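To be precise, the following lines are final_29.tsv, and they hold TSV, C-alpha atoms.
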chain	number	residue	atom	x	y	z
A	217	MET	CA	-45.44	3.60	30.54
A	218	THR	CA	-43.40	3.64	27.37
A	219	SER	CA	-41.55	6.81	26.32
A	220	ALA	CA	-44.18	7.29	23.62
A	221	ARG	CA	-46.92	7.30	26.23
A	222	HIS	CA	-45.06	9.95	28.20
A	223	LEU	CA	-45.57	12.22	25.20
A	224	ALA	CA	-49.31	11.84	25.60
A	225	VAL	CA	-49.08	12.54	29.32
A	226	ALA	CA	-47.24	15.78	28.54
A	227	VAL	CA	-50.00	17.07	26.27
A	228	LEU	CA	-52.82	17.80	28.72
A	229	THR	CA	-51.85	16.23	32.05
A	230	ALA	CA	-52.15	19.54	33.86
A	231	CYS	CA	-55.36	20.71	32.15
A	232	LEU	CA	-57.13	23.65	33.72
A	233	VAL	CA	-60.84	24.46	33.57
A	234	VAL	CA	-61.18	27.96	32.07
A	235	PRO	CA	-64.12	30.26	31.22
A	236	VAL	CA	-66.15	29.82	28.04
A	237	SER	CA	-64.81	33.22	26.92
A	238	ALA	CA	-61.44	31.55	26.35
A	239	MET	CA	-62.76	29.69	23.32
A	240	ALA	CA	-61.47	30.47	19.83
A	241	ALA	CA	-62.30	29.18	16.38
A	242	PRO	CA	-61.21	25.57	15.79
A	243	ASP	CA	-57.85	25.17	14.07
A	244	VAL	CA	-58.67	22.96	11.09
A	245	ASP	CA	-55.00	22.28	10.34
A	246	ALA	CA	-54.24	20.72	13.73
A	247	TRP	CA	-57.55	19.03	14.55
A	248	ILE	CA	-59.69	16.59	12.55
A	249	ASP	CA	-63.13	15.35	13.64
A	250	VAL	CA	-63.26	11.56	13.25
A	251	GLY	CA	-66.80	11.17	14.62
A	252	GLN	CA	-68.03	8.14	16.62
A	253	ASP	CA	-70.14	10.19	19.05
A	254	LEU	CA	-72.77	8.43	21.19
A	255	ALA	CA	-75.98	10.27	22.13
A	256	GLY	CA	-77.05	10.74	25.72
A	257	THR	CA	-79.61	12.83	27.61
A	258	HIS	CA	-79.16	15.95	25.46
A	259	GLY	CA	-78.10	14.21	22.29
A	260	SER	CA	-74.44	13.80	21.35
A	261	PRO	CA	-71.75	15.65	23.32
A	262	VAL	CA	-69.66	17.79	20.95
A	263	LEU	CA	-65.85	18.01	21.23
A	264	GLU	CA	-63.84	20.77	19.53
A	265	GLY	CA	-60.10	21.41	19.61
A	266	VAL	CA	-58.42	24.78	19.30
A	267	GLY	CA	-54.76	25.71	18.93
A	268	PRO	CA	-51.87	24.99	16.57
A	269	LEU	CA	-50.27	22.38	18.89
A	270	VAL	CA	-46.91	24.13	18.81
A	271	ALA	CA	-44.73	24.43	21.92
A	272	GLY	CA	-45.66	27.48	23.99
A	273	THR	CA	-49.12	27.94	22.46
A	274	THR	CA	-52.43	27.16	24.16
A	275	ALA	CA	-54.24	23.93	23.34
A	276	THR	CA	-57.94	24.01	24.24
A	277	LEU	CA	-60.55	21.27	24.29
A	278	THR	CA	-64.21	22.30	24.51
A	279	LEU	CA	-66.85	19.71	25.39
A	280	SER	CA	-70.39	21.02	24.92
A	281	ASN	CA	-73.94	19.64	25.04
A	282	VAL	CA	-72.90	17.36	27.88
A	283	LEU	CA	-74.94	16.17	30.88
A	284	ALA	CA	-74.58	18.54	33.84
A	285	GLU	CA	-73.62	17.45	37.36
A	286	SER	CA	-71.87	14.36	36.07
A	287	THR	CA	-68.32	13.19	35.37
A	288	ALA	CA	-66.69	13.20	31.96
A	289	TYR	CA	-63.57	11.18	31.25
A	290	LEU	CA	-61.09	12.54	28.74
A	291	VAL	CA	-59.25	9.74	26.97
A	292	ILE	CA	-55.98	10.59	25.21
A	293	GLY	CA	-54.38	8.01	22.96
A	294	LEU	CA	-51.38	7.79	20.69
A	295	GLY	CA	-53.37	5.60	18.33
A	296	GLN	CA	-56.86	4.37	17.50
A	297	ALA	CA	-58.41	1.42	19.30
A	298	ASN	CA	-61.85	1.77	17.64
A	299	ALA	CA	-63.15	-0.78	20.15
A	300	PRO	CA	-66.85	-1.45	20.87
A	301	PHE	CA	-67.72	0.04	24.27
A	302	LYS	CA	-70.98	0.81	26.12
A	303	GLY	CA	-72.99	0.81	22.92
A	304	GLY	CA	-70.54	3.08	21.08
A	305	VAL	CA	-66.99	3.13	19.72
A	306	PHE	CA	-64.02	3.82	22.02
A	307	VAL	CA	-61.72	5.56	19.53
A	308	PRO	CA	-58.37	6.37	21.26
A	309	THR	CA	-56.01	3.82	22.65
A	310	PRO	CA	-56.39	4.32	26.44
A	311	ASP	CA	-52.95	5.79	27.13
A	312	LEU	CA	-54.18	8.52	29.49
A	313	LEU	CA	-57.48	9.00	31.32
A	314	ILE	CA	-58.49	12.24	33.07
A	315	GLY	CA	-61.73	12.60	35.04
A	316	VAL	CA	-63.43	16.00	34.87
A	317	PRO	CA	-66.64	17.15	36.67
A	318	THR	CA	-69.08	18.59	34.15
A	319	GLY	CA	-70.61	21.09	36.60
A	320	GLY	CA	-73.48	23.18	35.32
A	321	THR	CA	-77.14	23.13	36.26
A	322	SER	CA	-79.30	20.03	36.30
A	323	GLY	CA	-81.45	19.76	33.21
A	324	VAL	CA	-79.36	22.22	31.20
A	325	PRO	CA	-76.62	21.00	28.83
A	326	ALA	CA	-73.21	21.86	30.27
A	327	THR	CA	-69.95	22.98	28.69
A	328	VAL	CA	-66.49	21.99	29.88
A	329	ILE	CA	-63.36	23.74	28.64
A	330	MET	CA	-59.88	22.38	29.29
A	331	ALA	CA	-56.76	24.29	28.32
A	332	ASP	CA	-53.02	24.07	28.81
A	333	THR	CA	-49.82	25.25	27.23
A	334	PHE	CA	-48.66	22.76	24.65
A	335	PRO	CA	-45.38	21.28	25.90
A	336	LYS	CA	-41.96	21.28	24.36
A	337	PHE	CA	-40.21	18.22	22.98
A	338	VAL	CA	-43.24	16.78	21.16
A	339	PRO	CA	-41.99	15.76	17.70
A	340	HIS	CA	-43.32	17.36	14.55
A	341	GLY	CA	-46.13	15.23	13.15
A	342	ALA	CA	-46.80	13.36	16.42
A	343	GLY	CA	-50.43	12.22	16.40
A	344	PHE	CA	-52.93	12.07	19.26
A	345	TYR	CA	-56.59	11.07	19.61
A	346	PHE	CA	-59.03	12.64	22.07
A	347	GLN	CA	-62.50	11.56	23.12
A	348	PHE	CA	-64.74	12.17	26.12
A	349	TRP	CA	-66.89	9.48	27.74
A	350	VAL	CA	-69.61	10.74	30.10
A	351	GLN	CA	-71.58	9.01	32.82
A	352	ASP	CA	-75.07	9.60	31.44
A	353	ALA	CA	-78.19	7.56	32.18
A	354	GLY	CA	-79.60	8.78	28.87
A	355	GLY	CA	-77.03	6.79	26.93
A	356	PRO	CA	-77.62	3.23	25.68
A	357	VAL	CA	-75.73	1.61	28.58
A	358	GLY	CA	-75.50	4.54	30.99
A	359	TRP	CA	-72.84	6.38	29.02
A	360	SER	CA	-72.62	8.95	26.25
A	361	ALA	CA	-69.54	9.84	24.22
A	362	SER	CA	-68.29	12.79	22.26
A	363	ASN	CA	-66.97	12.66	18.75
A	364	ALA	CA	-63.27	11.84	18.68
A	365	LEU	CA	-60.60	14.27	17.48
A	366	ALA	CA	-57.36	13.44	15.73
A	367	ALA	CA	-54.68	16.01	16.51
A	368	THR	CA	-51.25	16.54	14.97
A	369	ALA	CA	-48.42	18.35	16.74
A	370	SER	CA	-46.08	20.74	14.97
A	371	GLN	CA	-42.65	22.10	15.81
A	372	ALA	CA	-41.67	25.70	15.22
A	373	HIS	CA	-38.50	24.37	13.60
A	374	ASP	CA	-40.41	22.61	10.85
A	375	LEU	CA	-43.01	25.35	10.36
A	376	ILE	CA	-40.12	27.72	9.62
A	377	ALA	CA	-37.87	25.32	7.73
A	378	ASP	CA	-40.45	23.77	5.40
A	379	PRO	CA	-41.48	27.02	3.61
A	380	PHE	CA	-37.80	28.00	3.36
A	381	ASP	CA	-36.97	24.72	1.65
A	382	ALA	CA	-40.00	25.12	-0.60
A	383	LEU	CA	-38.57	28.41	-1.92
A	384	LEU	CA	-35.32	26.65	-2.75
A	385	ALA	CA	-37.07	23.69	-4.37
A	386	ALA	CA	-38.99	26.05	-6.68
A	387	ALA	CA	-35.98	28.24	-7.51
A	388	GLN	CA	-33.89	28.52	-10.65
A	389	PRO	CA	-30.40	26.95	-10.45
A	390	PRO	CA	-28.13	28.60	-7.86
A	391	ALA	CA	-25.97	30.29	-10.52
A	392	VAL	CA	-29.09	32.17	-11.60
A	393	SER	CA	-30.91	32.59	-8.29
A	394	ARG	CA	-28.21	33.51	-5.75
A	395	ALA	CA	-27.82	37.16	-6.76
A	396	ILE	CA	-30.23	39.69	-5.24
A	397	TYR	CA	-29.46	42.19	-8.02
A	398	SER	CA	-29.12	41.39	-11.68
A	399	SER	CA	-27.02	44.55	-12.10
A	400	LYS	CA	-25.47	47.15	-9.82
A	401	ASP	CA	-23.41	50.26	-10.50
A	402	ALA	CA	-21.34	51.75	-7.69
A	403	GLY	CA	-20.68	54.91	-9.66
A	404	THR	CA	-24.33	55.86	-10.15
A	405	GLN	CA	-25.65	53.85	-7.21
A	406	THR	CA	-28.24	52.17	-9.40
A	407	PHE	CA	-29.42	48.63	-8.79
A	408	VAL	CA	-31.81	46.30	-10.59
A	409	ARG	CA	-33.33	43.44	-8.63
A	410	ASN	CA	-32.95	39.90	-9.88
A	411	THR	CA	-36.48	38.55	-10.32
A	412	ASP	CA	-35.03	35.04	-10.46
A	413	CYS	CA	-33.46	35.31	-6.99
A	414	TRP	CA	-34.79	32.47	-4.85
A	415	ALA	CA	-35.57	35.05	-2.13
A	416	ALA	CA	-37.22	37.55	-4.51
A	417	SER	CA	-40.54	37.21	-2.66
A	418	VAL	CA	-38.91	38.34	0.61
A	419	ASP	CA	-38.76	42.08	1.31
A	420	LEU	CA	-35.03	42.87	1.50
A	421	THR	CA	-35.32	46.60	0.88
A	422	GLY	CA	-33.88	47.25	4.35
A	423	LEU	CA	-30.46	45.99	3.27
A	424	SER	CA	-28.01	48.62	2.06
A	425	PRO	CA	-25.95	47.48	-0.97
A	426	TRP	CA	-23.80	50.64	-1.05
A	427	ASN	CA	-22.32	53.34	1.16
A	428	GLN	CA	-20.21	56.37	0.34
A	429	ALA	CA	-17.09	55.39	2.27
A	430	HIS	CA	-16.76	51.74	1.28
A	431	GLY	CA	-18.88	51.11	-1.82
A	432	PHE	CA	-20.27	47.60	-1.80
A	433	LEU	CA	-18.48	46.70	1.44
A	434	ARG	CA	-19.51	47.20	5.08
A	435	ALA	CA	-23.22	46.52	5.05
A	436	GLY	CA	-25.91	48.31	7.03
A	437	THR	CA	-29.30	46.79	7.85
A	438	LEU	CA	-32.36	48.77	8.88
A	439	VAL	CA	-33.91	47.83	12.23
A	440	SER	CA	-36.21	50.86	12.29
A	441	PRO	CA	-37.15	53.52	9.74
A	442	ARG	CA	-34.18	55.54	11.02
A	443	HIS	CA	-31.63	53.12	12.52
A	444	ILE	CA	-29.22	50.67	10.97
A	445	VAL	CA	-27.00	48.01	12.51
A	446	PHE	CA	-23.56	46.89	11.34
A	447	ALA	CA	-20.34	45.28	12.61
A	448	GLU	CA	-18.24	47.28	15.05
A	449	HIS	CA	-15.00	45.81	13.70
A	450	TYR	CA	-15.98	46.80	10.15
A	451	PRO	CA	-17.75	50.10	10.80
A	452	LEU	CA	-19.70	52.55	8.72
A	453	SER	CA	-18.87	56.23	8.87
A	454	ALA	CA	-20.65	59.26	10.27
A	455	SER	CA	-17.99	61.60	8.90
A	456	PRO	CA	-19.23	64.20	6.36
A	457	GLY	CA	-18.27	63.18	2.84
A	458	ASN	CA	-18.20	59.51	3.81
A	459	ASN	CA	-21.54	59.05	5.49
A	460	GLU	CA	-24.07	58.61	2.70
A	461	ILE	CA	-25.84	55.25	2.49
A	462	ALA	CA	-28.24	53.82	-0.10
A	463	PHE	CA	-31.24	51.52	0.00
A	464	VAL	CA	-33.13	50.14	-2.98
A	465	GLY	CA	-36.90	49.74	-3.18
A	466	ASN	CA	-38.64	46.87	-4.89
A	467	ASP	CA	-39.23	49.31	-7.76
A	468	ASP	CA	-35.42	49.60	-8.14
A	469	VAL	CA	-35.49	53.25	-7.03
A	470	THR	CA	-32.44	54.12	-4.92
A	471	VAL	CA	-33.08	56.00	-1.67
A	472	LYS	CA	-30.15	57.76	0.02
A	473	ARG	CA	-29.76	58.82	3.63
A	474	THR	CA	-26.92	60.24	5.72
A	475	ILE	CA	-25.47	58.62	8.84
A	476	VAL	CA	-25.35	61.32	11.53
A	477	ALA	CA	-24.27	59.39	14.65
A	478	VAL	CA	-23.10	55.94	15.70
A	479	SER	CA	-23.00	53.90	18.91
A	480	TYR	CA	-21.43	50.59	19.91
A	481	PRO	CA	-23.66	48.95	22.55
A	482	ALA	CA	-22.33	45.37	22.55
A	483	VAL	CA	-19.62	43.08	21.24
A	484	ASP	CA	-19.29	43.72	17.48
A	485	ILE	CA	-22.62	45.53	17.22
A	486	GLY	CA	-22.77	49.03	15.79
A	487	VAL	CA	-25.95	51.11	15.64
A	488	ALA	CA	-26.28	54.25	13.49
A	489	LEU	CA	-28.86	57.01	13.26
A	490	LEU	CA	-29.92	58.32	9.84
A	491	ASP	CA	-30.70	61.96	9.17
A	492	GLN	CA	-34.36	61.14	8.46
A	493	ASP	CA	-36.75	58.20	8.16
A	494	VAL	CA	-36.65	56.08	5.04
A	495	PRO	CA	-39.87	56.17	2.99
A	496	ALA	CA	-42.61	53.58	3.40
A	497	GLY	CA	-41.33	51.55	0.42
A	498	ILE	CA	-38.16	50.67	2.33
A	499	ALA	CA	-38.81	48.08	5.06
A	500	PHE	CA	-36.90	47.63	8.30
A	501	HIS	CA	-36.31	44.24	9.88
A	502	LYS	CA	-37.78	42.87	13.09
A	503	VAL	CA	-35.88	40.62	15.48
A	504	LEU	CA	-36.89	37.40	17.23
A	505	PRO	CA	-38.93	38.09	20.38
A	506	GLN	CA	-37.26	37.79	23.75
A	507	ASP	CA	-39.42	34.76	24.56
A	508	TRP	CA	-38.46	32.99	21.32
A	509	HIS	CA	-37.32	29.91	23.28
A	510	ASP	CA	-40.87	29.28	24.54
A	511	HIS	CA	-41.74	28.14	21.02
A	512	MET	CA	-38.42	27.20	19.44
A	513	TRP	CA	-36.89	24.61	21.72
A	514	SER	CA	-35.02	23.15	18.74
A	515	THR	CA	-33.02	25.30	16.32
A	516	PHE	CA	-30.59	22.64	15.16
A	517	ARG	CA	-30.07	22.85	11.38
A	518	LEU	CA	-32.66	25.59	10.98
A	519	PRO	CA	-32.00	27.20	7.56
A	520	MET	CA	-31.04	30.87	7.44
A	521	LEU	CA	-30.76	33.45	4.68
A	522	HIS	CA	-27.27	34.97	4.78
A	523	LEU	CA	-26.02	37.96	2.78
A	524	ASP	CA	-22.46	38.61	1.68
A	525	GLN	CA	-20.52	41.58	0.26
A	526	GLN	CA	-21.61	40.65	-3.27
A	527	GLU	CA	-25.29	40.84	-2.29
A	528	LYS	CA	-25.91	37.14	-2.75
A	529	ALA	CA	-28.72	35.32	-0.98
A	530	LEU	CA	-26.86	32.41	0.57
A	531	VAL	CA	-28.03	29.56	2.80
A	532	ARG	CA	-26.42	28.44	6.02
A	533	ASP	CA	-27.84	26.42	8.90
A	534	MET	CA	-28.29	27.75	12.40
A	535	VAL	CA	-26.95	25.32	14.96
A	536	THR	CA	-28.37	25.00	18.44
A	537	ILE	CA	-28.70	28.15	20.54
A	538	THR	CA	-30.12	28.58	24.03
A	539	GLU	CA	-31.75	31.33	26.08
A	540	THR	CA	-28.29	32.44	27.22
A	541	SER	CA	-26.52	32.45	23.85
A	542	ASP	CA	-25.08	35.86	23.04
A	543	TYR	CA	-23.75	34.66	19.68
A	544	VAL	CA	-25.42	32.46	17.07
A	545	GLN	CA	-23.37	29.69	15.53
A	546	HIS	CA	-24.00	28.69	11.92
A	547	ALA	CA	-22.57	26.10	9.57
A	548	LYS	CA	-22.58	24.67	6.08
A	549	PRO	CA	-25.88	22.87	5.43
A	550	THR	CA	-25.90	19.10	5.32
A	551	ASP	CA	-29.18	18.98	3.40
A	552	PRO	CA	-28.43	18.33	-0.31
A	553	LEU	CA	-30.95	20.96	-1.44
A	554	ARG	CA	-29.79	23.77	0.86
A	555	VAL	CA	-26.09	23.19	0.29
A	556	GLN	CA	-26.47	24.20	-3.36
A	557	TRP	CA	-26.96	27.82	-2.20
A	558	TRP	CA	-24.13	27.72	0.32
A	559	GLU	CA	-20.84	29.60	0.05
A	560	GLY	CA	-18.18	30.03	2.68
A	561	LEU	CA	-17.94	33.51	4.20
A	562	VAL	CA	-14.73	35.46	3.65
A	563	SER	CA	-13.06	38.66	4.80
A	564	GLY	CA	-15.22	41.56	3.67
A	565	ASP	CA	-18.52	39.80	4.41
A	566	SER	CA	-18.45	41.16	7.97
A	567	GLY	CA	-21.48	43.17	9.00
A	568	ASN	CA	-23.79	41.53	6.49
A	569	PRO	CA	-26.94	40.14	8.08
A	570	ALA	CA	-28.47	36.70	8.50
A	571	PHE	CA	-32.19	36.05	8.86
A	572	LEU	CA	-34.75	33.43	9.66
A	573	LEU	CA	-37.65	33.50	7.21
A	574	VAL	CA	-40.83	33.42	9.29
A	575	GLY	CA	-44.18	33.83	7.62
A	576	GLY	CA	-42.42	35.08	4.50
A	577	GLU	CA	-40.62	37.83	6.45
A	578	ALA	CA	-36.87	38.17	6.99
A	579	VAL	CA	-36.36	38.32	10.76
A	580	LEU	CA	-32.91	39.56	11.76
A	581	VAL	CA	-30.87	37.12	13.84
A	582	LEU	CA	-27.25	38.28	13.54
A	583	THR	CA	-24.69	40.29	11.62
A	584	HIS	CA	-21.49	38.52	10.60
A	585	HIS	CA	-18.50	38.76	12.92
A	586	PHE	CA	-16.66	35.48	12.43
A	587	THR	CA	-17.07	33.13	9.48
A	588	ASN	CA	-19.27	30.85	11.59
A	589	SER	CA	-21.00	33.16	14.09
A	590	GLY	CA	-22.25	36.62	14.92
A	591	PRO	CA	-23.95	38.52	17.74
A	592	PHE	CA	-27.53	37.41	18.45
A	593	TYR	CA	-29.58	40.61	18.37
A	594	THR	CA	-32.34	39.27	20.58
A	595	TYR	CA	-29.84	38.50	23.33
A	596	TRP	CA	-28.56	42.09	23.06
A	597	PHE	CA	-32.11	43.48	22.78
A	598	ASP	CA	-31.90	45.89	25.73
A	599	GLU	CA	-28.44	47.13	24.86
A	600	VAL	CA	-29.40	47.88	21.25
A	601	ASN	CA	-32.59	49.66	22.38
A	602	THR	CA	-30.59	51.77	24.82
A	603	ALA	CA	-28.26	52.78	22.00
A	604	MET	CA	-31.19	53.64	19.73
A	605	THR	CA	-32.68	55.81	22.47
A	606	SER	CA	-29.41	57.63	23.10
A	607	LEU	CA	-28.92	58.29	19.38
A	608	GLY	CA	-32.46	59.67	19.03
A	609	GLY	CA	-34.96	59.15	16.27
A	610	GLY	CA	-37.81	57.86	18.41
A	611	TYR	CA	-37.69	54.15	17.55
A	612	GLN	CA	-36.89	50.84	19.26
A	613	LEU	CA	-36.36	47.31	17.99
A	614	THR	CA	-39.54	45.54	16.91
A	615	GLU	CA	-40.09	41.94	18.02
A	616	TYR	CA	-41.58	39.53	15.50
A	617	ASP	CA	-44.86	38.15	16.85
A	618	LEU	CA	-44.29	34.40	16.96
A	619	ASP	CA	-47.56	33.89	18.86
A	620	ALA	CA	-49.54	35.36	15.97
A	621	PHE	CA	-47.51	33.35	13.45
A	622	PHE	CA	-48.25	30.03	15.10
A	623	ASP	CA	-51.89	30.89	15.85
A	624	ARG	CA	-52.61	32.00	12.29
Represent the structure contained in this file as structure tokens.
Amino acid sequence: MTSARHLAVAVLTACLVVPVSAMAAPDVDAWIDVGQDLAGTHGSPVLEGVGPLVAGTTATLTLSNVLAESTAYLVIGLGQANAPFKGGVFVPTPDLLIGVPTGGTSGVPATVIMADTFPKFVPHGAGFYFQFWVQDAGGPVGWSASNALAATASQAHDLIADPFDALLAAAQPPAVSRAIYSSKDAGTQTFVRNTDCWAASVDLTGLSPWNQAHGFLRAGTLVSPRHIVFAEHYPLSASPGNNEIAFVGNDDVTVKRTIVAVSYPAVDIGVALLDQDVPAGIAFHKVLPQDWHDHMWSTFRLPMLHLDQQEKALVRDMVTITETSDYVQHAKPTDPLRVQWWEGLVSGDSGNPAFLLVGGEAVLVLTHHFTNSGPFYTYWFDEVNTAMTSLGGGYQLTEYDLDAFFDR
């Protein structure tokens, strides 16, 4: 087999027969019905596909209205043959053939469901064709056939990167759209959001632009309604007279809280407890789930929203991380669109956060330690949660639901 054919083998080689209750609504984005069914004993067998065809998600094929107590052959192809066959049209190129007993009760149309976890390493946009052929004396030449399905694979990388790049493509020039605030006053702690910021549609109310001890420096980022994270080497203060911190709602109303205790659970990670919850108009940030790598096998050059001490929405690229990475490396974008919103990080940017934008939400990845890396909060998930518990407040980190995002 060619390497391309190995991709097809990886899709549903280890298919499992599962109960009818496992069915879900067809995913119209990933699956297209291309027809060419051939009627048999009970009319035409019907093939439906379910699932987003993203690594780590479930891909399901449901064959219904098929002859019971027979054998159905699933054909998977990387292209279309559209060849005349047994009185019908054999749609896929015959790259993989899987025989499946239809089961059921004689005289009653049967249903076969095949499901498997969609594999990693299938390129974004890779196309497949599926069709069942069934041994069926009621067919023109002893066979019936289902409609064929065209299916298109997606990568988490591209499903995250493409909307990010679309925000940049629609934005005002960087000189206009980098700043999160059009004006800010440290003396009165008043801030006005920049409606032309390229990330204006993203809820960034959980970012603190000011604190009592250090003004615009030494950022804090909400990870619960009552906890913030920051850089240990550039810490915020819990000392009275220096411990007030401000957040700004989307209505430009400033909300102040007091830091009452701090903890340092991991390398360059600080966690602080606020005196009370922030109001509902101030949002905290989720983190990537601990099983993120089941979906995101490739993170190379994945764009990230980075903040700096001047409260600018900057763009840097995540470079490859693995399940065991405790720090995330990032770099200047090579893409000519993204690089327009890039700036190098400098002393004083420490503690500011960096996010992936997933489903329009800013998901916390790191806070700045070095100019090209910072601690990966999902790697330090347990340590940060332990610190949050010891500080009190009743909250833990919240994992972003990647399963729901890809199954949407």
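Using all atoms listed in the file, the shortest contact distance between Tyr450 (chain A) and any of A:Gly422, A:Gly256, A:Gly293, A:Gly436 is found at A:Gly436.
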Check: Quick one: residues within 6 Å of Thr276 (chain A), all atoms listed in the file counted, chain neighbours fewer than 5 positions away excluded, as a ChimeraX atom specification?
Finding: /A:265-266,330-331
Any chance you could tabulate, as a Markdown table, the residues of region 364-426 of chain A at most 10 Å from region 530-551 of chain A with each one's nearest atom pair and distance in Å to one decimal, using only C-alpha atoms, in chain and rising number order?
| residue | atom | partner | partner_atom | distance |
| --- | --- | --- | --- | --- |
| A:Phe380 | CA | A:Val531 | CA | 9.9 |
| A:Asp381 | CA | A:Asp551 | CA | 9.8 |
| A:Leu384 | CA | A:Val531 | CA | 9.6 |
| A:Pro390 | CA | A:Leu530 | CA | 9.3 |
| A:Ser393 | CA | A:Leu530 | CA | 9.7 |
| A:Arg394 | CA | A:Leu530 | CA | 6.6 |
| A:Ala395 | CA | A:Leu530 | CA | 8.8 |
| A:Ile396 | CA | A:Leu530 | CA | 9.9 |
| A:Trp414 | CA | A:Leu530 | CA | 9.6 |
| A:Ala415 | CA | A:Leu530 | CA | 9.5 |
Next item on the list: Tell me, in Å to one decimal, how far CA of Leu607 (chain A) is from CA of Val471 (chain A).
Entry: 21.6 Å
Margin query: Using all atoms listed in the file, which protein or nucleic acid residues come within 12 Å of region 247-251 of chain A? Drop anything in the same chain fewer than 5 positions from it, and give the result as a count of residues only.
Written below: 38
Next item on the list: Take CA of Asp332 (chain A) and CA of Ala284 (chain A) and report the distance between them in Å, one decimal.
Entry: 22.8 Å
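Note that CA of Leu561 (chain A) and CA of Thr474 (chain A) are 28.2 Å apart.
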